[in-house]
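Coordinates as given in structure25.txt (compact mmCIF, C-alpha atoms):
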```txt
# COMPACT_ATOMS: atom_id res chain seq x y z
CA MET A 745 0.00 0.00 0.00
CA ILE A 746 2.81 2.38 0.87
CA LYS A 747 4.57 1.71 -2.43
CA LYS A 748 1.32 2.17 -4.31
CA ALA A 749 0.61 5.44 -2.53
CA SER A 750 4.14 6.67 -3.21
CA SER A 751 3.80 5.82 -6.89
CA SER A 752 0.51 7.72 -7.06
CA LEU A 753 2.09 10.73 -5.35
CA VAL A 754 5.01 10.77 -7.79
CA ALA A 755 2.63 10.44 -10.74
CA GLY A 756 0.49 13.26 -9.39
CA ILE A 757 3.47 15.57 -8.96
CA ALA A 758 4.67 14.72 -12.47
CA ILE A 759 1.27 15.58 -13.92
CA LEU A 760 1.20 18.85 -11.95
CA PHE A 761 4.60 19.90 -13.30
CA LEU A 762 3.47 18.94 -16.81
CA LEU A 763 0.39 21.13 -16.51
CA ILE A 764 2.47 24.04 -15.20
CA PHE A 765 4.88 23.61 -18.13
CA ILE A 766 2.03 23.57 -20.68
CA VAL A 767 0.46 26.73 -19.21
CA ALA A 768 3.84 28.49 -19.16
CA MET A 769 4.47 27.59 -22.80
CA LYS A 770 1.13 29.08 -23.81
CA ARG A 771 2.02 32.44 -22.24
CA PRO A 772 3.75 34.87 -24.61
CA LEU A 773 7.39 35.42 -23.77
CA GLN A 774 8.12 38.91 -22.51
CA LYS A 775 10.70 40.33 -24.92
CA LYS A 776 12.80 43.31 -24.02
CA ALA A 777 12.11 46.38 -26.16
CA TYR A 778 14.39 46.91 -29.13
CA THR A 779 17.09 49.55 -28.64
CA TYR A 780 18.35 52.18 -31.09
CA LEU A 781 21.48 54.32 -30.78
CA ALA A 782 21.75 57.41 -33.02
CA LEU A 783 25.19 59.01 -33.38
CA GLY A 784 25.79 62.33 -35.08
CA ASP A 785 25.55 66.10 -34.98
CA SER A 786 22.81 68.72 -35.43
CA TYR A 787 21.13 66.66 -38.14
CA THR A 788 20.67 63.82 -35.67
CA ILE A 789 19.66 65.80 -32.62
CA GLY A 790 17.27 67.84 -34.78
CA GLU A 791 18.36 71.46 -34.34
CA LYS A 792 15.43 73.89 -34.34
CA VAL A 793 12.71 71.23 -34.31
CA PRO A 794 10.92 69.61 -31.34
CA SER A 795 12.73 66.48 -30.17
CA GLU A 796 9.85 64.28 -31.28
CA GLU A 797 10.41 65.52 -34.85
CA ASN A 798 14.08 64.61 -35.19
CA PHE A 799 14.61 61.59 -37.37
CA PRO A 800 15.59 59.06 -34.64
CA ASN A 801 12.38 59.73 -32.69
CA GLN A 802 10.30 59.63 -35.87
CA VAL A 803 11.90 56.29 -36.77
CA VAL A 804 10.80 54.81 -33.45
CA SER A 805 7.35 56.38 -33.79
CA ILE A 806 6.86 54.74 -37.20
CA LEU A 807 7.96 51.35 -35.90
CA ARG A 808 5.79 51.57 -32.80
CA LYS A 809 2.76 52.25 -35.01
CA LYS A 810 3.59 48.97 -36.72
CA GLU A 811 3.49 47.33 -33.28
CA PHE A 812 7.23 46.87 -32.87
CA ASP A 813 8.29 47.43 -29.27
CA PHE A 814 11.06 50.05 -29.30
CA ALA A 815 12.56 51.94 -26.39
CA THR A 816 13.14 55.69 -26.71
CA PRO A 817 16.20 56.13 -28.95
CA ARG A 818 19.50 56.95 -27.27
CA VAL A 819 20.92 59.98 -29.07
CA VAL A 820 24.55 61.04 -28.82
CA ALA A 821 24.76 64.17 -30.92
CA LYS A 822 25.28 67.90 -30.61
CA THR A 823 25.06 70.86 -32.94
CA GLY A 824 28.47 71.74 -34.34
CA TRP A 825 30.14 68.42 -33.64
CA THR A 826 32.87 67.22 -35.97
CA THR A 827 33.97 63.59 -36.18
CA ASP A 828 36.54 63.95 -33.40
CA GLU A 829 34.07 65.81 -31.18
CA LEU A 830 31.49 63.07 -31.69
CA GLN A 831 34.15 60.59 -30.61
CA LEU A 832 34.74 62.58 -27.43
CA GLY A 833 30.98 62.73 -26.88
CA ILE A 834 30.72 58.96 -27.17
CA ASN A 835 33.64 58.50 -24.77
CA LYS A 836 31.95 60.72 -22.18
CA SER A 837 28.52 59.11 -22.52
CA LYS A 838 27.34 56.22 -20.40
CA LEU A 839 26.27 53.82 -23.11
CA GLU A 840 25.26 50.19 -23.22
CA THR A 841 27.77 47.83 -24.78
CA ARG A 842 25.24 46.77 -27.40
CA TYR A 843 22.17 48.13 -29.19
CA ASP A 844 19.81 46.42 -31.59
CA PHE A 845 20.28 49.16 -34.20
CA VAL A 846 22.71 52.04 -34.68
CA SER A 847 22.77 54.98 -37.10
CA LEU A 848 25.70 57.25 -37.93
CA LEU A 849 25.53 60.66 -39.63
CA VAL A 850 28.43 63.07 -39.22
CA GLY A 851 30.81 65.22 -41.24
CA VAL A 852 29.13 68.47 -42.22
CA ASN A 853 31.07 70.42 -39.60
CA ASN A 854 34.35 68.93 -40.80
CA GLN A 855 33.52 70.33 -44.23
CA TYR A 856 32.32 73.67 -42.84
CA ARG A 857 35.53 74.17 -40.89
CA GLY A 858 37.61 73.37 -43.96
CA ARG A 859 39.22 70.24 -42.62
CA GLU A 860 41.04 67.79 -44.87
CA ALA A 861 38.98 65.03 -46.42
CA SER A 862 41.76 62.55 -45.62
CA ASP A 863 41.36 63.30 -41.90
CA TYR A 864 37.62 62.82 -42.22
CA LYS A 865 38.13 59.41 -43.79
CA GLN A 866 40.33 58.20 -40.96
CA GLU A 867 38.08 59.56 -38.20
CA PHE A 868 34.85 58.47 -39.86
CA GLU A 869 36.11 54.92 -40.33
CA SER A 870 37.11 54.80 -36.67
CA LEU A 871 33.63 55.95 -35.67
CA LEU A 872 32.01 53.40 -37.95
CA GLN A 873 34.10 50.61 -36.44
CA GLN A 874 32.95 51.67 -32.99
CA ALA A 875 29.34 51.97 -34.14
CA LEU A 876 29.58 48.46 -35.56
CA LYS A 877 30.66 47.17 -32.15
CA PHE A 878 27.63 48.87 -30.58
CA ALA A 879 25.55 47.00 -33.17
CA GLY A 880 26.97 43.67 -32.01
CA ASN A 881 29.32 43.50 -35.00
CA ASN A 882 26.29 42.89 -37.21
CA PRO A 883 26.56 45.10 -40.34
CA LYS A 884 22.86 44.62 -41.02
CA ARG A 885 22.11 46.53 -37.81
CA LEU A 886 24.15 49.63 -38.69
CA ILE A 887 22.84 52.43 -40.91
CA VAL A 888 24.99 55.25 -42.30
CA LEU A 889 23.31 58.38 -43.66
CA SER A 890 25.02 60.74 -46.10
CA ILE A 891 25.70 64.39 -45.24
CA PRO A 892 22.95 66.87 -46.24
CA ASP A 893 23.86 69.74 -48.57
CA TRP A 894 23.55 73.11 -46.84
CA SER A 895 24.74 75.03 -49.91
CA ILE A 896 21.12 75.43 -51.02
CA THR A 897 20.14 77.27 -47.81
CA SER A 898 20.20 81.01 -47.15
CA PHE A 899 23.03 80.35 -44.68
CA ALA A 900 25.29 79.89 -47.71
CA GLU A 901 24.44 83.36 -49.05
CA GLY A 902 27.65 85.11 -50.15
CA LYS A 903 29.62 81.85 -50.12
CA ASP A 904 30.71 79.65 -53.01
CA ARG A 905 27.67 77.38 -53.17
CA GLN A 906 29.11 75.24 -55.93
CA MET A 907 32.30 74.62 -53.98
CA ILE A 908 30.32 73.69 -50.85
CA ALA A 909 28.26 71.19 -52.84
CA LEU A 910 31.38 69.67 -54.40
CA GLN A 911 33.03 69.29 -50.99
CA ILE A 912 29.88 67.70 -49.55
CA ASP A 913 29.92 65.25 -52.46
CA GLU A 914 33.57 64.46 -51.77
CA TYR A 915 32.84 63.74 -48.10
CA ASN A 916 29.89 61.57 -49.05
CA LYS A 917 31.99 59.64 -51.50
CA ILE A 918 34.27 58.84 -48.57
CA ASN A 919 31.57 57.77 -46.12
CA LYS A 920 29.91 55.67 -48.84
CA GLN A 921 33.19 53.89 -49.56
CA VAL A 922 33.73 53.19 -45.86
CA ALA A 923 30.14 51.99 -45.44
CA ASP A 924 30.53 49.67 -48.44
CA LYS A 925 33.82 48.37 -47.06
CA TYR A 926 32.09 47.19 -43.89
CA ARG A 927 28.91 46.17 -45.75
CA VAL A 928 26.57 48.29 -43.64
CA HIS A 929 23.38 49.95 -44.81
CA TYR A 930 23.83 53.31 -46.54
CA ILE A 931 21.16 55.93 -47.24
CA ASN A 932 21.85 58.82 -49.61
CA ILE A 933 19.73 61.67 -48.27
CA THR A 934 21.82 64.40 -49.93
CA LEU A 935 19.87 64.64 -53.17
CA ARG A 936 16.55 65.01 -51.37
CA THR A 937 17.93 67.75 -49.09
CA ARG A 938 18.74 69.77 -52.22
CA GLN A 939 15.02 69.91 -52.94
CA ALA A 940 14.75 72.47 -50.14
CA ALA A 941 16.09 75.05 -52.59
CA ALA A 942 12.59 75.10 -54.13
CA ASN A 943 10.57 74.18 -51.04
CA ILE A 944 11.08 76.21 -47.88
CA GLU A 945 8.81 73.81 -45.95
CA LEU A 946 11.68 71.31 -45.93
CA LEU A 947 13.76 73.66 -43.75
CA ALA A 948 13.41 74.57 -40.08
CA GLU A 949 12.86 78.14 -38.89
CA ASP A 950 16.59 78.90 -39.05
CA CYS A 951 16.48 78.18 -42.82
CA LEU A 952 19.54 75.96 -42.39
CA HIS A 953 18.53 72.71 -40.74
CA PRO A 954 15.86 70.30 -41.99
CA SER A 955 12.27 70.61 -40.84
CA GLY A 956 10.30 67.83 -39.21
CA LYS A 957 8.71 67.23 -42.61
CA GLU A 958 12.13 66.57 -44.14
CA TYR A 959 13.23 64.39 -41.22
CA LYS A 960 10.08 62.31 -41.76
CA LYS A 961 11.39 61.36 -45.22
CA TRP A 962 14.64 60.10 -43.72
CA ALA A 963 12.80 58.32 -40.92
CA VAL A 964 10.60 56.40 -43.33
CA VAL A 965 13.66 54.97 -45.11
CA VAL A 966 15.54 54.17 -41.89
CA ALA A 967 12.45 52.53 -40.37
CA ALA A 968 11.97 50.42 -43.51
CA ILE A 969 15.55 49.12 -43.23
CA ILE A 970 15.12 48.33 -39.55
CA GLU A 971 11.81 46.56 -40.18
CA SER A 972 13.43 44.46 -42.90
CA GLU A 973 16.03 43.25 -40.39
CA LEU A 974 13.59 42.33 -37.63
```
Represent the structure from my file as structure tokens, please.
Amino acid sequence: MIKKASSSLVAGIAILFLLIFIVAMKRPLQKKAYTYLALGDSYTIGEKVPSEENFPNQVVSILRKKEFDFATPRVVAKTGWTTDELQLGINKSKLETRYDFVSLLVGVNNQYRGREASDYKQEFESLLQQALKFAGNNPKRLIVLSIPDWSITSFAEGKDRQMIALQIDEYNKINKQVADKYRVHYINITLRTRQAAANIELLAEDCLHPSGKEYKKWAVVVAAIIESEL
């Protein structure tokens, strides 16, 4: 009788654990929200537009509307930053070791200050390598955006607009080559920023930086790339 009772007890416990396991398996697993790190300068932080209208926040907004769970983007950017200043900003920031997605857009201030393109190449590649580490060394999770062309804005009044555009193109040729070398995503937003010459709505109130409407165009493309990798 004792053996029979013990066997029944063991069988009952086994069934109980089996039921608990089945119920647990039916419950949806709680997944941590996706993370997004945006590295850059004024074009990333969104100078002269509300924070919710900069492109990183609009990217997350688009993805959330498609029911993807994304945390608020972590932005390391500041108006006026050059490549070396962005590097210092990263070094001073308390960042996670890894993010699900990372974007990199920097270089306009190198061009504006008249720095050598060769220096930009070296510093940009170093930043991209670091950004790739933040992306878990997965090139599919890193997105590089080209430098917008400010020569079409009123801020370039009295300056050599053609020369500015040529230098921007030279810088973008460099960041495209580096992006291709590491096989990361690359988005050419430069051509579309030149449309602001005929459409003031694409510029913010300072008539230099993009408006929220323009950032939305970038965000749609970035969000599409991220969605394709999820």
Task: 6 Å contact set for segment 844-848 of chain A, all atoms listed in the file, chain neighbours under 4 positions out, as a list in words - done: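 Once the adjacent positions are removed, what remains is Tyr778, Thr779, Tyr780, Leu781, Ala782, Leu783, Gly784, Ala879, Arg885, Leu886, Ile887 and Val888 of chain A.
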Open item on the list: Can you pull out the residues contacting Ile896 of chain A? Cut-off 8 Å, using all atoms listed in the file, and skip same-chain residues under 6 positions away; I want them as a PyMOL selection string.
Closed with: chain A and resi 905+938+940-941
Open item on the list: When you look at Tyr856 of chain A with a cut-off of 10 Å (counting only C-alpha atoms), what residues show up, excluding the ones that are within fewer than 3 positions of it in the same chain? I need them as a PyMOL selection string.
Closed with: chain A and resi 824+826+851-853+859+894+908+911-912
Open item on the list: For a quick check of understanding, using all atoms listed in the file, which of A:His929, A:Met907, A:Arg818, A:Ser898 has the smallest distance to Leu872 of chain A?
Closed with: A:His929
Task: Contact residues around Lys961 of chain A with all atoms listed in the file at 10 Å, ignoring same-chain residues under 2 positions, as an MDAnalysis selection string - done: chainID A and resid 799 802:803 933 936:937 946 956:959 963:966
When you look at Ile918 of chain A with a cut-off of 7 Å (counting only C-alpha atoms), what residues show up, excluding the ones that are within fewer than 4 positions of it in the same chain? I need them as a short mmCIF file (atom, residue, chain, number, x, y, z; two decimals) with C-alpha atoms, in the frame of the given file.
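Listing of around27.cif after writing:
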```cif
data_model
loop_
_atom_site.label_atom_id
_atom_site.label_comp_id
_atom_site.auth_asym_id
_atom_site.auth_seq_id
_atom_site.Cartn_x
_atom_site.Cartn_y
_atom_site.Cartn_z
CA LYS A 865 38.13 59.41 -43.79
CA GLU A 914 33.57 64.46 -51.77
CA VAL A 922 33.73 53.19 -45.86
#
```
Open item on the list: Could you check the closest approach to Leu876 of chain A for each of A:Ala923, A:Leu830, A:Leu947, A:Ile931 and tell me which residue wins, using all atoms listed in the file?
Closed with: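 Using all atoms listed in the file, the shortest distance to Leu876 of chain A belongs to A:Ala923.
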TODO: Find the residue from A:Glu971, A:Asp785, A:Glu949, A:Glu797 that sits nearest to Thr827 of chain A; use all atoms listed in the file when measuring.
DONE: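 Residue with the minimum atom-to-atom distance to Thr827 of chain A: A:Asp785.
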TODO: Would you please work out which residue, of A:Ala777, A:Tyr843, A:Ala942, A:Lys917, is nearest to Arg808 of chain A when using all atoms listed in the file?
DONE: A:Ala777
Grab all the atoms of segment 867-876 of chain A that the file lists, wrap them in a box along x, y and z, add 6 Å per side, and give me centre plus edge lengths in Å (one decimal) as lines of an AutoDock Vina configuration file.
```
center_x = 33.7
center_y = 54.0
center_z = -36.7
size_x = 20.7
size_y = 23.1
size_z = 19.3
```
Open item on the list: If I take atom CA of Ser786 of chain A and atom CA of Asp924 of chain A, how far is one from the other in Å, to one decimal?
Closed with: 24.3 Å
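Counting from atom CA of Ser895 of chain A, the distance to atom CA of Glu829 of chain A is 22.9 Å.
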Open item on the list: Please report the interatomic distance between atom CA of Pro892 of chain A and atom CA of Thr934 of chain A in Å with one decimal.
Closed with: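 Between these atoms lies a distance of 4.6 Å.
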- [ ] Could you tell me which of A:Leu910, A:Ser795, A:Gln866, A:Val819 comes closest to Gly833 of chain A if we count only C-alpha atoms?
- [x]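 That would be A:Val819, the residue with the smallest distance to Gly833 of chain A.
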Can you give me N, CA and C atoms for segment 851-868 of chain A, written as a compact mmCIF listing (two decimals), in the coordinates of the input?
```txt
# COMPACT_ATOMS: atom_id res chain seq x y z
N GLY A 851 29.81 64.75 -40.29
CA GLY A 851 30.81 65.22 -41.24
C GLY A 851 30.61 66.62 -41.77
N VAL A 852 29.39 67.15 -41.66
CA VAL A 852 29.13 68.47 -42.22
C VAL A 852 30.00 69.54 -41.57
N ASN A 853 30.27 69.40 -40.28
CA ASN A 853 31.07 70.42 -39.60
C ASN A 853 32.56 70.30 -39.92
N ASN A 854 32.99 69.10 -40.29
CA ASN A 854 34.35 68.93 -40.80
C ASN A 854 34.49 69.74 -42.08
N GLN A 855 33.50 69.60 -42.96
CA GLN A 855 33.52 70.33 -44.23
C GLN A 855 33.42 71.83 -44.00
N TYR A 856 32.53 72.25 -43.10
CA TYR A 856 32.32 73.67 -42.84
C TYR A 856 33.58 74.33 -42.30
N ARG A 857 34.31 73.60 -41.48
CA ARG A 857 35.53 74.17 -40.89
C ARG A 857 36.74 74.03 -41.82
N GLY A 858 36.54 73.48 -42.97
CA GLY A 858 37.61 73.37 -43.96
C GLY A 858 38.66 72.33 -43.66
N ARG A 859 38.26 71.29 -42.97
CA ARG A 859 39.22 70.24 -42.62
C ARG A 859 39.50 69.34 -43.83
N GLU A 860 40.62 68.66 -43.77
CA GLU A 860 41.04 67.79 -44.87
C GLU A 860 40.15 66.56 -44.96
N ALA A 861 39.81 66.21 -46.19
CA ALA A 861 38.98 65.03 -46.42
C ALA A 861 39.68 63.76 -45.95
N SER A 862 41.00 63.73 -46.05
CA SER A 862 41.76 62.55 -45.62
C SER A 862 41.61 62.33 -44.11
N ASP A 863 41.57 63.42 -43.34
CA ASP A 863 41.36 63.30 -41.90
C ASP A 863 39.96 62.79 -41.61
N TYR A 864 39.00 63.27 -42.40
CA TYR A 864 37.62 62.82 -42.22
C TYR A 864 37.52 61.32 -42.45
N LYS A 865 38.18 60.84 -43.48
CA LYS A 865 38.13 59.41 -43.79
C LYS A 865 38.62 58.57 -42.62
N GLN A 866 39.74 58.95 -42.07
CA GLN A 866 40.33 58.20 -40.96
C GLN A 866 39.41 58.23 -39.73
N GLU A 867 38.91 59.42 -39.40
CA GLU A 867 38.08 59.56 -38.20
C GLU A 867 36.71 58.93 -38.39
N PHE A 868 36.17 59.05 -39.60
CA PHE A 868 34.85 58.47 -39.86
C PHE A 868 34.93 56.94 -39.80
```
